[in-house]
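This is work-v8.tsv. It holds TSV, C-alpha atoms.
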```tsv
chain	number	residue	atom	x	y	z
Z	12	MET	CA	-6.76	31.73	15.86
Z	13	ARG	CA	-5.67	34.82	13.94
Z	14	SER	CA	-4.03	32.67	11.27
Z	15	LEU	CA	-7.27	30.71	10.81
Z	16	PHE	CA	-9.26	33.91	10.36
Z	17	ALA	CA	-6.59	35.21	8.01
Z	18	LYS	CA	-6.80	32.06	5.88
Z	19	SER	CA	-10.58	32.26	5.83
Z	20	ALA	CA	-10.47	35.90	4.84
Z	21	GLY	CA	-7.89	35.19	2.18
Z	22	ALA	CA	-9.95	32.31	0.86
Z	23	GLY	CA	-12.97	34.55	0.75
Z	24	GLN	CA	-11.09	37.02	-1.40
Z	25	LEU	CA	-9.85	34.24	-3.69
Z	26	ALA	CA	-13.34	32.84	-4.21
Z	27	LYS	CA	-14.45	36.17	-5.62
Z	28	LYS	CA	-12.08	35.79	-8.56
Z	29	PRO	CA	-13.56	33.96	-11.56
Z	30	ALA	CA	-10.29	32.19	-12.30
Z	31	ASN	CA	-10.19	30.67	-8.82
Z	32	LEU	CA	-13.82	29.61	-9.08
Z	33	LYS	CA	-13.01	27.80	-12.32
Z	34	VAL	CA	-10.19	25.94	-10.60
Z	35	LEU	CA	-12.48	24.91	-7.74
Z	36	SER	CA	-15.27	23.85	-10.11
Z	37	ARG	CA	-12.93	21.73	-12.21
Z	38	TYR	CA	-11.54	20.11	-9.07
Z	39	VAL	CA	-14.98	19.22	-7.68
Z	40	LYS	CA	-16.27	18.04	-11.08
Z	41	LEU	CA	-13.24	15.83	-11.66
Z	42	ASN	CA	-13.55	14.21	-8.24
Z	43	ALA	CA	-17.28	13.63	-8.72
Z	44	LEU	CA	-16.80	12.27	-12.25
Z	45	LEU	CA	-14.08	9.79	-11.27
Z	46	ALA	CA	-16.06	8.62	-8.24
Z	47	ILE	CA	-19.25	8.09	-10.28
Z	48	ILE	CA	-17.33	6.19	-12.98
Z	49	ALA	CA	-15.76	3.96	-10.34
Z	50	ALA	CA	-19.12	3.31	-8.65
Z	51	VAL	CA	-20.99	2.55	-11.89
Z	52	VAL	CA	-18.23	0.28	-13.24
Z	53	GLY	CA	-17.93	-1.47	-9.86
Z	54	LEU	CA	-21.65	-2.22	-9.61
Z	55	TRP	CA	-21.73	-3.26	-13.27
Z	56	ALA	CA	-18.79	-5.65	-12.85
Z	57	LEU	CA	-20.36	-7.12	-9.72
Z	58	GLN	CA	-23.59	-7.82	-11.60
Z	59	LEU	CA	-21.66	-9.46	-14.43
Z	60	VAL	CA	-19.94	-11.78	-11.94
Z	61	PHE	CA	-23.28	-12.75	-10.37
Z	62	SER	CA	-24.76	-13.35	-13.84
Z	63	TYR	CA	-21.82	-15.57	-14.74
Z	64	LEU	CA	-22.27	-17.61	-11.56
Z	65	SER	CA	-26.01	-17.99	-12.20
Z	66	GLU	CA	-25.40	-19.22	-15.76
Z	67	LEU	CA	-23.04	-21.96	-14.57
Z	68	ASP	CA	-26.02	-23.98	-13.30
Z	69	SER	CA	-27.56	-23.96	-16.78
Z	70	LEU	CA	-24.53	-25.33	-18.65
Z	71	ASP	CA	-25.03	-28.60	-20.55
Z	72	ASP	CA	-24.27	-30.12	-23.94
Z	73	ARG	CA	-26.63	-27.69	-25.68
Z	74	TYR	CA	-25.81	-24.57	-23.65
Z	75	THR	CA	-22.02	-24.30	-23.58
Z	76	MET	CA	-19.72	-21.92	-21.76
Z	77	GLY	CA	-19.19	-19.93	-24.95
Z	78	GLN	CA	-22.92	-19.36	-25.33
Z	79	ALA	CA	-23.21	-18.36	-21.68
Z	80	LEU	CA	-20.45	-15.77	-22.08
Z	81	LYS	CA	-22.13	-14.44	-25.24
Z	82	TYR	CA	-25.44	-14.20	-23.40
Z	83	ILE	CA	-23.84	-12.24	-20.53
Z	84	PHE	CA	-22.06	-10.00	-23.05
Z	85	TYR	CA	-25.32	-9.16	-24.82
Z	86	ARG	CA	-27.08	-8.53	-21.50
Z	87	SER	CA	-24.29	-6.32	-20.15
Z	88	PRO	CA	-25.70	-3.06	-21.65
Z	89	TYR	CA	-28.98	-3.74	-19.83
Z	90	PHE	CA	-27.12	-4.26	-16.53
Z	91	LEU	CA	-25.15	-1.05	-17.10
Z	92	GLU	CA	-28.27	0.99	-17.78
Z	93	GLN	CA	-29.95	-0.42	-14.67
Z	94	PHE	CA	-27.07	0.53	-12.36
Z	95	ILE	CA	-26.37	4.04	-13.65
Z	96	PRO	CA	-28.82	5.79	-11.23
Z	97	THR	CA	-27.56	3.92	-8.16
Z	98	GLY	CA	-23.97	4.33	-9.33
Z	99	ALA	CA	-24.44	8.08	-9.73
Z	100	LEU	CA	-25.85	8.27	-6.20
Z	101	LEU	CA	-23.03	6.21	-4.72
Z	102	GLY	CA	-20.32	7.99	-6.73
Z	103	ALA	CA	-21.53	11.45	-5.70
Z	104	VAL	CA	-21.50	10.38	-2.04
Z	105	ILE	CA	-17.96	9.01	-2.35
Z	106	GLY	CA	-16.63	11.99	-4.32
Z	107	LEU	CA	-18.02	14.63	-1.97
Z	108	GLY	CA	-17.30	12.45	1.06
Z	109	LEU	CA	-13.60	12.31	0.24
Z	110	LEU	CA	-13.54	16.09	-0.08
Z	111	ALA	CA	-15.37	16.42	3.25
Z	112	ASN	CA	-12.96	14.07	5.04
Z	113	LYS	CA	-10.06	16.28	3.95
Z	114	SER	CA	-11.94	19.40	5.12
Z	115	GLU	CA	-11.81	20.73	1.57
Z	116	LEU	CA	-15.56	21.39	1.55
Z	117	VAL	CA	-15.17	23.38	4.77
Z	118	VAL	CA	-12.51	25.55	3.13
Z	119	MET	CA	-14.76	26.09	0.08
Z	120	ARG	CA	-17.67	27.10	2.30
Z	121	ALA	CA	-15.41	29.43	4.25
Z	122	ALA	CA	-14.26	30.92	0.96
Z	123	GLY	CA	-17.82	31.94	0.23
Z	124	VAL	CA	-18.80	29.14	-2.14
Z	125	SER	CA	-22.46	28.28	-1.55
Z	126	ILE	CA	-23.76	24.75	-1.12
Z	127	TYR	CA	-26.01	25.17	-4.15
Z	128	ARG	CA	-23.02	26.03	-6.31
Z	129	ILE	CA	-21.16	22.92	-5.16
Z	130	VAL	CA	-24.26	20.83	-5.82
Z	131	GLY	CA	-24.44	22.36	-9.31
Z	132	TRP	CA	-20.84	21.37	-9.93
Z	133	VAL	CA	-21.59	17.77	-8.94
Z	134	LEU	CA	-24.69	17.65	-11.15
Z	135	GLN	CA	-22.72	18.54	-14.27
Z	136	PRO	CA	-20.71	15.26	-14.45
Z	137	ALA	CA	-23.99	13.41	-13.82
Z	138	PHE	CA	-25.28	14.78	-17.15
Z	139	ILE	CA	-22.68	12.60	-18.90
Z	140	PHE	CA	-24.35	9.52	-17.45
Z	141	VAL	CA	-27.77	10.93	-18.31
Z	142	LEU	CA	-26.71	11.02	-21.97
Z	143	LEU	CA	-25.12	7.58	-21.65
Z	144	ALA	CA	-28.33	6.07	-20.26
Z	145	LEU	CA	-30.41	7.65	-23.04
Z	146	ALA	CA	-27.98	6.42	-25.71
Z	147	ILE	CA	-28.05	2.86	-24.34
Z	148	ASN	CA	-31.85	2.86	-24.23
Z	149	GLN	CA	-32.19	4.26	-27.73
Z	150	PHE	CA	-29.46	2.56	-29.75
Z	151	VAL	CA	-28.09	-0.46	-27.85
Z	152	LEU	CA	-30.76	-2.25	-25.82
Z	153	PRO	CA	-33.16	-3.08	-28.69
Z	154	HIS	CA	-30.42	-5.01	-30.48
Z	155	SER	CA	-28.50	-6.47	-27.52
Z	156	ASN	CA	-31.64	-7.75	-25.75
Z	157	GLN	CA	-32.82	-9.42	-28.96
Z	158	LEU	CA	-29.46	-11.14	-29.47
Z	159	ALA	CA	-29.49	-12.32	-25.85
Z	160	LYS	CA	-33.00	-13.73	-26.21
Z	161	GLN	CA	-32.03	-15.60	-29.36
Z	162	ILE	CA	-29.37	-17.45	-27.37
Z	163	ASN	CA	-31.83	-18.02	-24.54
Z	164	ASP	CA	-34.49	-19.34	-26.93
Z	165	GLU	CA	-32.10	-21.84	-28.50
Z	166	ASP	CA	-31.57	-23.38	-25.07
Z	167	ASN	CA	-35.23	-23.21	-24.07
Z	168	THR	CA	-36.32	-26.84	-23.90
Z	169	SER	CA	-38.84	-26.39	-21.08
Z	170	LEU	CA	-42.50	-27.14	-21.72
Z	171	VAL	CA	-43.48	-24.07	-19.73
Z	172	THR	CA	-42.75	-20.86	-21.61
Z	173	SER	CA	-43.63	-17.24	-21.00
Z	174	VAL	CA	-46.34	-15.47	-22.94
Z	175	ARG	CA	-44.78	-13.30	-25.62
Z	176	GLY	CA	-45.32	-12.23	-29.22
Z	177	TYR	CA	-48.54	-10.78	-30.62
Z	178	TRP	CA	-52.02	-12.17	-29.98
Z	179	THR	CA	-55.19	-10.87	-31.60
Z	180	VAL	CA	-58.77	-11.92	-32.39
Z	181	GLN	CA	-59.93	-11.13	-35.92
Z	182	PRO	CA	-63.62	-11.37	-36.91
Z	183	ARG	CA	-64.28	-13.16	-40.21
Z	184	PHE	CA	-67.01	-12.47	-42.76
Z	185	GLU	CA	-68.31	-14.51	-45.68
Z	186	ASN	CA	-69.36	-12.70	-48.85
Z	187	ALA	CA	-72.80	-13.69	-50.14
Z	188	GLN	CA	-73.92	-13.69	-53.78
Z	189	ASP	CA	-75.87	-10.48	-53.31
Z	190	GLY	CA	-72.74	-8.67	-52.15
Z	191	SER	CA	-73.59	-8.64	-48.44
Z	192	ALA	CA	-71.23	-9.99	-45.77
Z	193	THR	CA	-72.34	-12.34	-43.01
Z	194	PRO	CA	-70.34	-13.19	-39.86
Z	195	ASP	CA	-68.25	-16.35	-40.20
Z	196	GLY	CA	-66.81	-16.72	-36.73
Z	197	SER	CA	-63.39	-15.38	-35.79
Z	198	ASP	CA	-59.69	-16.14	-35.99
Z	199	ILE	CA	-57.31	-16.22	-33.02
Z	200	LEU	CA	-53.89	-15.26	-34.39
Z	201	TYR	CA	-50.47	-15.58	-32.76
Z	202	ILE	CA	-47.19	-14.27	-34.22
Z	203	ASP	CA	-44.03	-15.19	-32.35
Z	204	TYR	CA	-41.56	-12.73	-33.89
Z	205	ALA	CA	-41.30	-10.03	-36.55
Z	206	ASP	CA	-38.57	-7.72	-37.80
Z	207	VAL	CA	-38.69	-4.37	-39.58
Z	208	GLN	CA	-37.86	-6.00	-42.94
Z	209	GLY	CA	-41.19	-7.85	-42.94
Z	210	ASN	CA	-40.03	-11.33	-41.92
Z	211	ILE	CA	-42.14	-13.07	-39.29
Z	212	GLY	CA	-41.44	-16.13	-37.20
Z	213	GLU	CA	-43.78	-18.86	-36.01
Z	214	VAL	CA	-47.46	-18.24	-36.83
Z	215	LYS	CA	-50.47	-20.00	-35.30
Z	216	ARG	CA	-54.09	-19.40	-36.25
Z	217	TRP	CA	-57.27	-20.96	-34.86
Z	218	HIS	CA	-60.60	-20.51	-36.68
Z	219	LEU	CA	-63.74	-20.58	-34.51
Z	220	ASP	CA	-67.29	-20.67	-35.84
Z	221	ASN	CA	-70.09	-18.36	-34.69
Z	222	ASN	CA	-70.74	-20.63	-31.69
Z	223	GLY	CA	-67.12	-20.60	-30.58
Z	224	ASN	CA	-66.34	-24.13	-31.75
Z	225	LEU	CA	-62.87	-24.83	-33.15
Z	226	GLN	CA	-62.96	-25.55	-36.90
Z	227	THR	CA	-59.36	-25.40	-38.10
Z	228	ALA	CA	-55.89	-24.85	-36.64
Z	229	VAL	CA	-53.00	-23.59	-38.77
Z	230	HIS	CA	-49.29	-23.62	-37.97
Z	231	ALA	CA	-46.50	-22.07	-40.06
Z	232	ASN	CA	-42.78	-21.86	-39.38
Z	233	GLY	CA	-42.47	-18.35	-40.77
Z	234	GLY	CA	-43.43	-15.91	-43.44
Z	235	LYS	CA	-42.24	-13.08	-45.65
Z	236	TYR	CA	-43.90	-9.77	-46.44
Z	237	THR	CA	-45.13	-9.61	-50.03
Z	238	GLY	CA	-46.85	-6.21	-50.27
Z	239	ARG	CA	-50.10	-4.40	-49.61
Z	240	GLU	CA	-53.45	-4.20	-51.33
Z	241	PRO	CA	-56.08	-1.44	-51.03
Z	242	ILE	CA	-59.16	-2.49	-49.10
Z	243	ASP	CA	-61.57	-0.67	-51.42
Z	244	VAL	CA	-60.65	-1.88	-54.93
Z	245	THR	CA	-63.83	-0.51	-56.54
Z	246	SER	CA	-62.98	3.15	-55.97
Z	247	ASP	CA	-60.97	5.16	-58.51
Z	248	LYS	CA	-59.53	7.38	-55.79
Z	249	PRO	CA	-56.25	6.43	-54.04
Z	250	SER	CA	-57.06	4.33	-50.99
Z	251	GLU	CA	-55.86	5.36	-47.54
Z	252	GLN	CA	-56.55	1.93	-46.05
Z	253	TYR	CA	-54.59	-1.16	-47.02
Z	254	ARG	CA	-54.42	-4.83	-46.16
Z	255	TYR	CA	-50.85	-6.11	-45.79
Z	256	GLU	CA	-49.99	-9.61	-47.02
Z	257	TRP	CA	-47.45	-12.18	-45.81
Z	258	GLN	CA	-46.55	-15.42	-47.58
Z	259	LEU	CA	-46.43	-18.22	-44.99
Z	260	ASN	CA	-43.95	-21.09	-45.34
Z	261	ASP	CA	-44.21	-24.75	-44.29
Z	262	MET	CA	-47.84	-24.41	-43.27
Z	263	VAL	CA	-49.74	-27.29	-41.67
Z	264	GLU	CA	-53.54	-27.11	-41.38
Z	265	LEU	CA	-55.60	-29.28	-39.05
Z	266	SER	CA	-59.34	-29.49	-39.83
Z	267	ILE	CA	-61.84	-30.64	-37.19
Z	268	ASN	CA	-65.15	-32.05	-38.43
Z	269	GLN	CA	-68.43	-32.08	-36.55
Z	270	GLY	CA	-68.01	-35.75	-35.71
Z	271	PHE	CA	-64.84	-34.90	-33.75
Z	272	GLU	CA	-62.75	-36.34	-36.55
Z	273	SER	CA	-59.66	-34.48	-37.65
Z	274	SER	CA	-57.62	-34.39	-40.81
Z	275	GLN	CA	-54.20	-32.87	-41.37
Z	276	ALA	CA	-52.98	-31.31	-44.59
Z	277	VAL	CA	-49.52	-29.99	-45.41
Z	278	SER	CA	-49.37	-26.97	-47.67
Z	279	PRO	CA	-46.14	-25.40	-48.95
Z	280	SER	CA	-47.45	-21.86	-48.42
Z	281	ASP	CA	-50.48	-19.73	-47.63
Z	282	THR	CA	-51.26	-16.05	-47.20
Z	283	LEU	CA	-51.68	-14.09	-43.97
Z	284	SER	CA	-53.49	-10.73	-44.11
Z	285	LEU	CA	-53.23	-8.03	-41.45
Z	286	PRO	CA	-54.59	-4.48	-41.34
Z	287	PHE	CA	-51.26	-2.88	-40.39
Z	288	ALA	CA	-47.75	-2.55	-41.79
Z	289	PRO	CA	-44.69	-4.73	-40.96
Z	290	GLU	CA	-43.23	-1.94	-38.80
Z	291	SER	CA	-46.31	-2.11	-36.58
Z	292	VAL	CA	-46.15	-5.91	-36.39
Z	293	TYR	CA	-42.53	-5.58	-35.26
Z	294	LEU	CA	-43.56	-3.23	-32.44
Z	295	LEU	CA	-46.44	-5.47	-31.37
Z	296	THR	CA	-44.31	-8.61	-31.08
Z	297	ARG	CA	-41.58	-7.05	-28.91
Z	298	LYS	CA	-41.63	-6.61	-25.15
Z	299	ALA	CA	-41.61	-3.10	-23.76
Z	300	GLU	CA	-38.11	-3.41	-22.30
Z	301	ASP	CA	-36.72	-4.39	-25.73
Z	302	LEU	CA	-37.95	-1.25	-27.51
Z	303	SER	CA	-36.13	2.04	-27.77
Z	304	LEU	CA	-37.64	5.32	-26.62
Z	305	THR	CA	-38.74	6.31	-30.12
Z	306	GLN	CA	-40.16	2.82	-30.77
Z	307	LEU	CA	-42.15	3.01	-27.55
Z	308	TYR	CA	-43.55	6.36	-28.70
Z	309	GLU	CA	-44.49	4.85	-32.08
Z	310	HIS	CA	-46.14	1.93	-30.30
Z	311	ARG	CA	-48.10	4.39	-28.13
Z	312	GLN	CA	-49.28	6.34	-31.16
Z	313	PHE	CA	-50.25	3.13	-32.98
Z	314	MET	CA	-52.30	1.88	-30.04
Z	315	ARG	CA	-54.04	5.24	-29.84
Z	316	GLY	CA	-54.93	4.95	-33.50
Z	317	GLN	CA	-56.42	1.53	-32.77
Z	318	GLY	CA	-58.38	2.90	-29.81
Z	319	LYS	CA	-56.45	0.71	-27.36
Z	320	ARG	CA	-53.82	1.05	-24.64
Z	321	SER	CA	-50.84	-0.99	-23.50
Z	322	LEU	CA	-50.05	0.12	-19.95
Z	323	ASP	CA	-46.92	-2.01	-19.89
Z	324	HIS	CA	-45.46	-0.09	-22.83
Z	325	GLU	CA	-46.64	3.27	-21.46
Z	326	VAL	CA	-44.93	2.64	-18.12
Z	327	ALA	CA	-41.71	1.64	-19.91
Z	328	PHE	CA	-41.93	4.74	-22.11
Z	329	TRP	CA	-42.19	7.14	-19.18
Z	330	GLN	CA	-39.52	5.30	-17.18
Z	331	LYS	CA	-37.03	5.65	-20.03
Z	332	LEU	CA	-38.03	9.21	-20.85
Z	333	LEU	CA	-37.78	10.37	-17.23
Z	334	SER	CA	-34.67	8.35	-16.36
Z	335	PRO	CA	-32.47	11.51	-16.59
Z	336	LEU	CA	-34.54	13.11	-13.83
Z	337	SER	CA	-34.09	9.97	-11.73
Z	338	ILE	CA	-30.31	10.24	-11.98
Z	339	LEU	CA	-30.27	13.95	-11.14
Z	340	SER	CA	-32.66	13.57	-8.20
Z	341	LEU	CA	-30.47	10.82	-6.72
Z	342	VAL	CA	-27.39	13.03	-7.06
Z	343	ILE	CA	-29.22	15.74	-5.09
Z	344	VAL	CA	-29.95	13.16	-2.39
Z	345	ALA	CA	-26.26	12.19	-2.40
Z	346	CYS	CA	-25.29	15.82	-1.79
Z	347	SER	CA	-27.74	15.99	1.11
Z	348	PHE	CA	-25.98	13.03	2.74
Z	349	VAL	CA	-22.70	14.98	2.75
Z	350	PHE	CA	-24.04	18.44	3.62
Z	351	GLY	CA	-27.04	17.26	5.65
Z	352	SER	CA	-27.57	15.19	8.78
Z	353	LEU	CA	-24.86	12.64	7.87
Z	354	ARG	CA	-22.11	15.21	7.45
Z	355	THR	CA	-20.55	14.32	10.84
Z	356	HIS	CA	-20.59	10.57	10.22
Z	357	SER	CA	-17.97	8.42	8.52
Z	358	LEU	CA	-17.76	7.87	4.78
Z	359	GLY	CA	-18.52	4.19	5.25
Z	360	LEU	CA	-21.87	4.93	6.87
Z	361	ARG	CA	-22.75	7.37	4.09
Z	362	ILE	CA	-21.98	4.69	1.48
Z	363	VAL	CA	-24.20	2.14	3.25
Z	364	VAL	CA	-27.05	4.63	3.53
Z	365	ALA	CA	-26.62	5.59	-0.14
Z	366	LEU	CA	-26.80	1.94	-1.26
Z	367	LEU	CA	-29.91	1.34	0.85
Z	368	PHE	CA	-31.56	4.47	-0.49
Z	369	GLY	CA	-30.68	3.53	-4.08
Z	370	LEU	CA	-32.22	0.07	-3.63
Z	371	LEU	CA	-35.29	1.60	-1.99
Z	372	PHE	CA	-35.70	4.06	-4.85
Z	373	SER	CA	-35.43	1.24	-7.40
Z	374	TYR	CA	-38.01	-0.87	-5.56
Z	375	ILE	CA	-40.41	2.06	-5.27
Z	376	GLN	CA	-40.08	2.71	-9.01
Z	377	ASP	CA	-40.99	-0.90	-9.73
Z	378	LEU	CA	-43.84	-0.74	-7.22
Z	379	VAL	CA	-45.46	2.36	-8.70
Z	380	GLY	CA	-45.16	0.74	-12.13
Z	381	PHE	CA	-47.09	-2.29	-10.91
Z	382	ILE	CA	-49.67	-0.03	-9.25
Z	383	SER	CA	-50.18	1.78	-12.55
Z	384	LEU	CA	-50.61	-1.53	-14.38
Z	385	ALA	CA	-53.09	-2.78	-11.79
Z	386	THR	CA	-55.17	0.37	-11.42
Z	387	GLY	CA	-54.79	2.04	-14.83
Z	388	PHE	CA	-53.68	5.26	-13.09
Z	389	SER	CA	-51.59	7.71	-15.12
Z	390	PRO	CA	-48.20	6.02	-15.82
Z	391	MET	CA	-46.48	9.40	-16.21
Z	392	LEU	CA	-47.62	10.58	-12.78
Z	393	MET	CA	-46.76	7.30	-11.09
Z	394	VAL	CA	-43.23	7.33	-12.55
Z	395	LEU	CA	-42.78	10.97	-11.53
Z	396	LEU	CA	-43.79	10.45	-7.88
Z	397	PRO	CA	-40.54	8.75	-6.69
Z	398	ILE	CA	-38.43	11.23	-8.66
Z	399	ILE	CA	-40.19	14.27	-7.19
Z	400	GLY	CA	-40.14	12.71	-3.72
Z	401	SER	CA	-36.38	12.04	-3.76
Z	402	ALA	CA	-35.58	15.50	-5.15
Z	403	LEU	CA	-37.73	17.19	-2.49
Z	404	LEU	CA	-36.15	15.07	0.24
Z	405	GLY	CA	-32.63	15.95	-0.90
Z	406	GLY	CA	-33.46	19.64	-1.22
Z	407	TYR	CA	-35.06	19.70	2.24
Z	408	LEU	CA	-32.06	18.03	3.91
Z	409	ILE	CA	-29.66	20.45	2.23
Z	410	LYS	CA	-31.74	23.52	3.12
Z	411	ARG	CA	-31.85	22.51	6.79
Z	412	GLN	CA	-28.08	22.96	7.05
Z	413	MET	CA	-27.89	26.39	5.43
```

Would you give me this structure, written as structure tokens?
Amino acid sequence: MRSLFAKSAGAGQLAKKPANLKVLSRYVKLNALLAIIAAVVGLWALQLVFSYLSELDSLDDRYTMGQALKYIFYRSPYFLEQFIPTGALLGAVIGLGLLANKSELVVMRAAGVSIYRIVGWVLQPAFIFVLLALAINQFVLPHSNQLAKQINDEDNTSLVTSVRGYWTVQPRFENAQDGSATPDGSDILYIDYADVQGNIGEVKRWHLDNNGNLQTAVHANGGKYTGREPIDVTSDKPSEQYRYEWQLNDMVELSINQGFESSQAVSPSDTLSLPFAPESVYLLTRKAEDLSLTQLYEHRQFMRGQGKRSLDHEVAFWQKLLSPLSILSLVIVACSFVFGSLRTHSLGLRIVVALLFGLLFSYIQDLVGFISLATGFSPMLMVLLPIIGSALLGGYLIKRQM
């Protein structure tokens, strides 16, 4: 008994020295870092195996094994980004759990190291994965998801396809001889794809008269940006409003007469006019998950300028912006599993509970996103609720044991 008290007293004296604290902090950080790396890579590899097995059912003469492997390769950054929060949670539980099983955490506590300091040491390696998640979202996912979808589109022979691209309704006006403009129905416009260089993919346009009857239908295989023209050409002052022009290629126009007769004409090219620049068309034709954080912000600002909202893009923006807080809050929960009510249980039970909590957190995040889309409630607040809830839960469980 005396030797135990002597060791505790000696440890308490050692913990007061900055050099010894640095050694302890490096030791805890290294264990946490290696455990988080192993957990993230393990979950990522497991998802890649499941994706490979799921793609085997889709193999045929058109969709070969090489294309399937390329598709999985391009989707792998998305899988990695999705599993970083759960991997950080699981890795922190394993790293601290191994230290607890060897009674090393008990020695640190006896040496006078507070729980909050140990939690702070574990949070520091998690910042590496915070930066990694932000880098993947910003620089990798927009390109890798697009490359993956190009492979998927080449194999898409199903008659049922998902709604994507950009849809809009444009009112049309006919200029009279006296200079006035009278309504001439409206155009329903669909653009399948656009890039930042101004190239657009498949274009469809339906012209309806004032009574809503279909007059013409236009289809083009693609188009190229040709420039912009000021809307007000009569003014000598520089115009702040422009109309942007695209030259359509391989256009086919179908005209419907009043007698329900139709005629088809093939034209080598025609012009498409839009009130916004190619960069905005690119943002409007991409799904929210395929845009980087800065592109989502630009999309949000553009929609505000148009007096509209896209809740899907707003939810994705706040989820990506607040993803660092998600990772850190889950690491706090992981620490509570080791220092809290599960401290006397086995490491295996802690791992199972951590996996279940990580899945629950992911499902709740998806649920609050759907609630925001359905109700129009603040996307920022709905994304923050699970993060705040998990951080408060972890802090409460840790405080109970102090």

Between CA of Lys331 (chain Z) and CA of Leu145 (chain Z), what is the distance in Å, rounded to a tenth?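 According to the coordinates, CA of Lys331 (chain Z) and CA of Leu145 (chain Z) are separated by 7.5 Å.
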
Set the distance at 10 Å and use all atoms listed in the file: which residues neighbour Met393 (chain Z) once local chain neighbours fewer than 5 positions away are removed? I'd like the list as a PyMOL selection string. chain Z and resi 326+329-330+376+378-383+388+398

For CA of Gln208 (chain Z) and CA of Lys235 (chain Z), determine how far apart the two atoms are, in Å to one decimal place. 8.8 Å

Quick one: everything within 8 Å of Ala327 (chain Z), counting all atoms listed in the file, minus sequence neighbours fewer than 6 positions away in the same chain. Send it as a list of chain:residue names. Z:Ala299, Z:Glu300, Z:Leu307

CA of Thr179 (chain Z) to CA of Phe328 (chain Z) measures 22.6 Å

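Within 9 Å of Leu54 (chain Z), once all atoms listed in the file are used and residues closer than 5 positions along the same chain are dropped, the contacting residues are Ala49, Leu59, Leu91, Phe94, Ile95, Thr97 and Gly98 of chain Z.
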
Excluding same-chain residues fewer than 5 positions from Ser291 (chain Z), what lies within 12 Å of it counting all atoms listed in the file, as a PyMOL selection string? chain Z and resi 177+204-209+255+285-286+296-297+306-314+316-317

Non-local contacts of Ser303 (chain Z) (8 Å; all atoms listed in the file; under 4 positions in same chain excluded) as an MDAnalysis selection string: chainID Z and resid 148:150 152:153 307
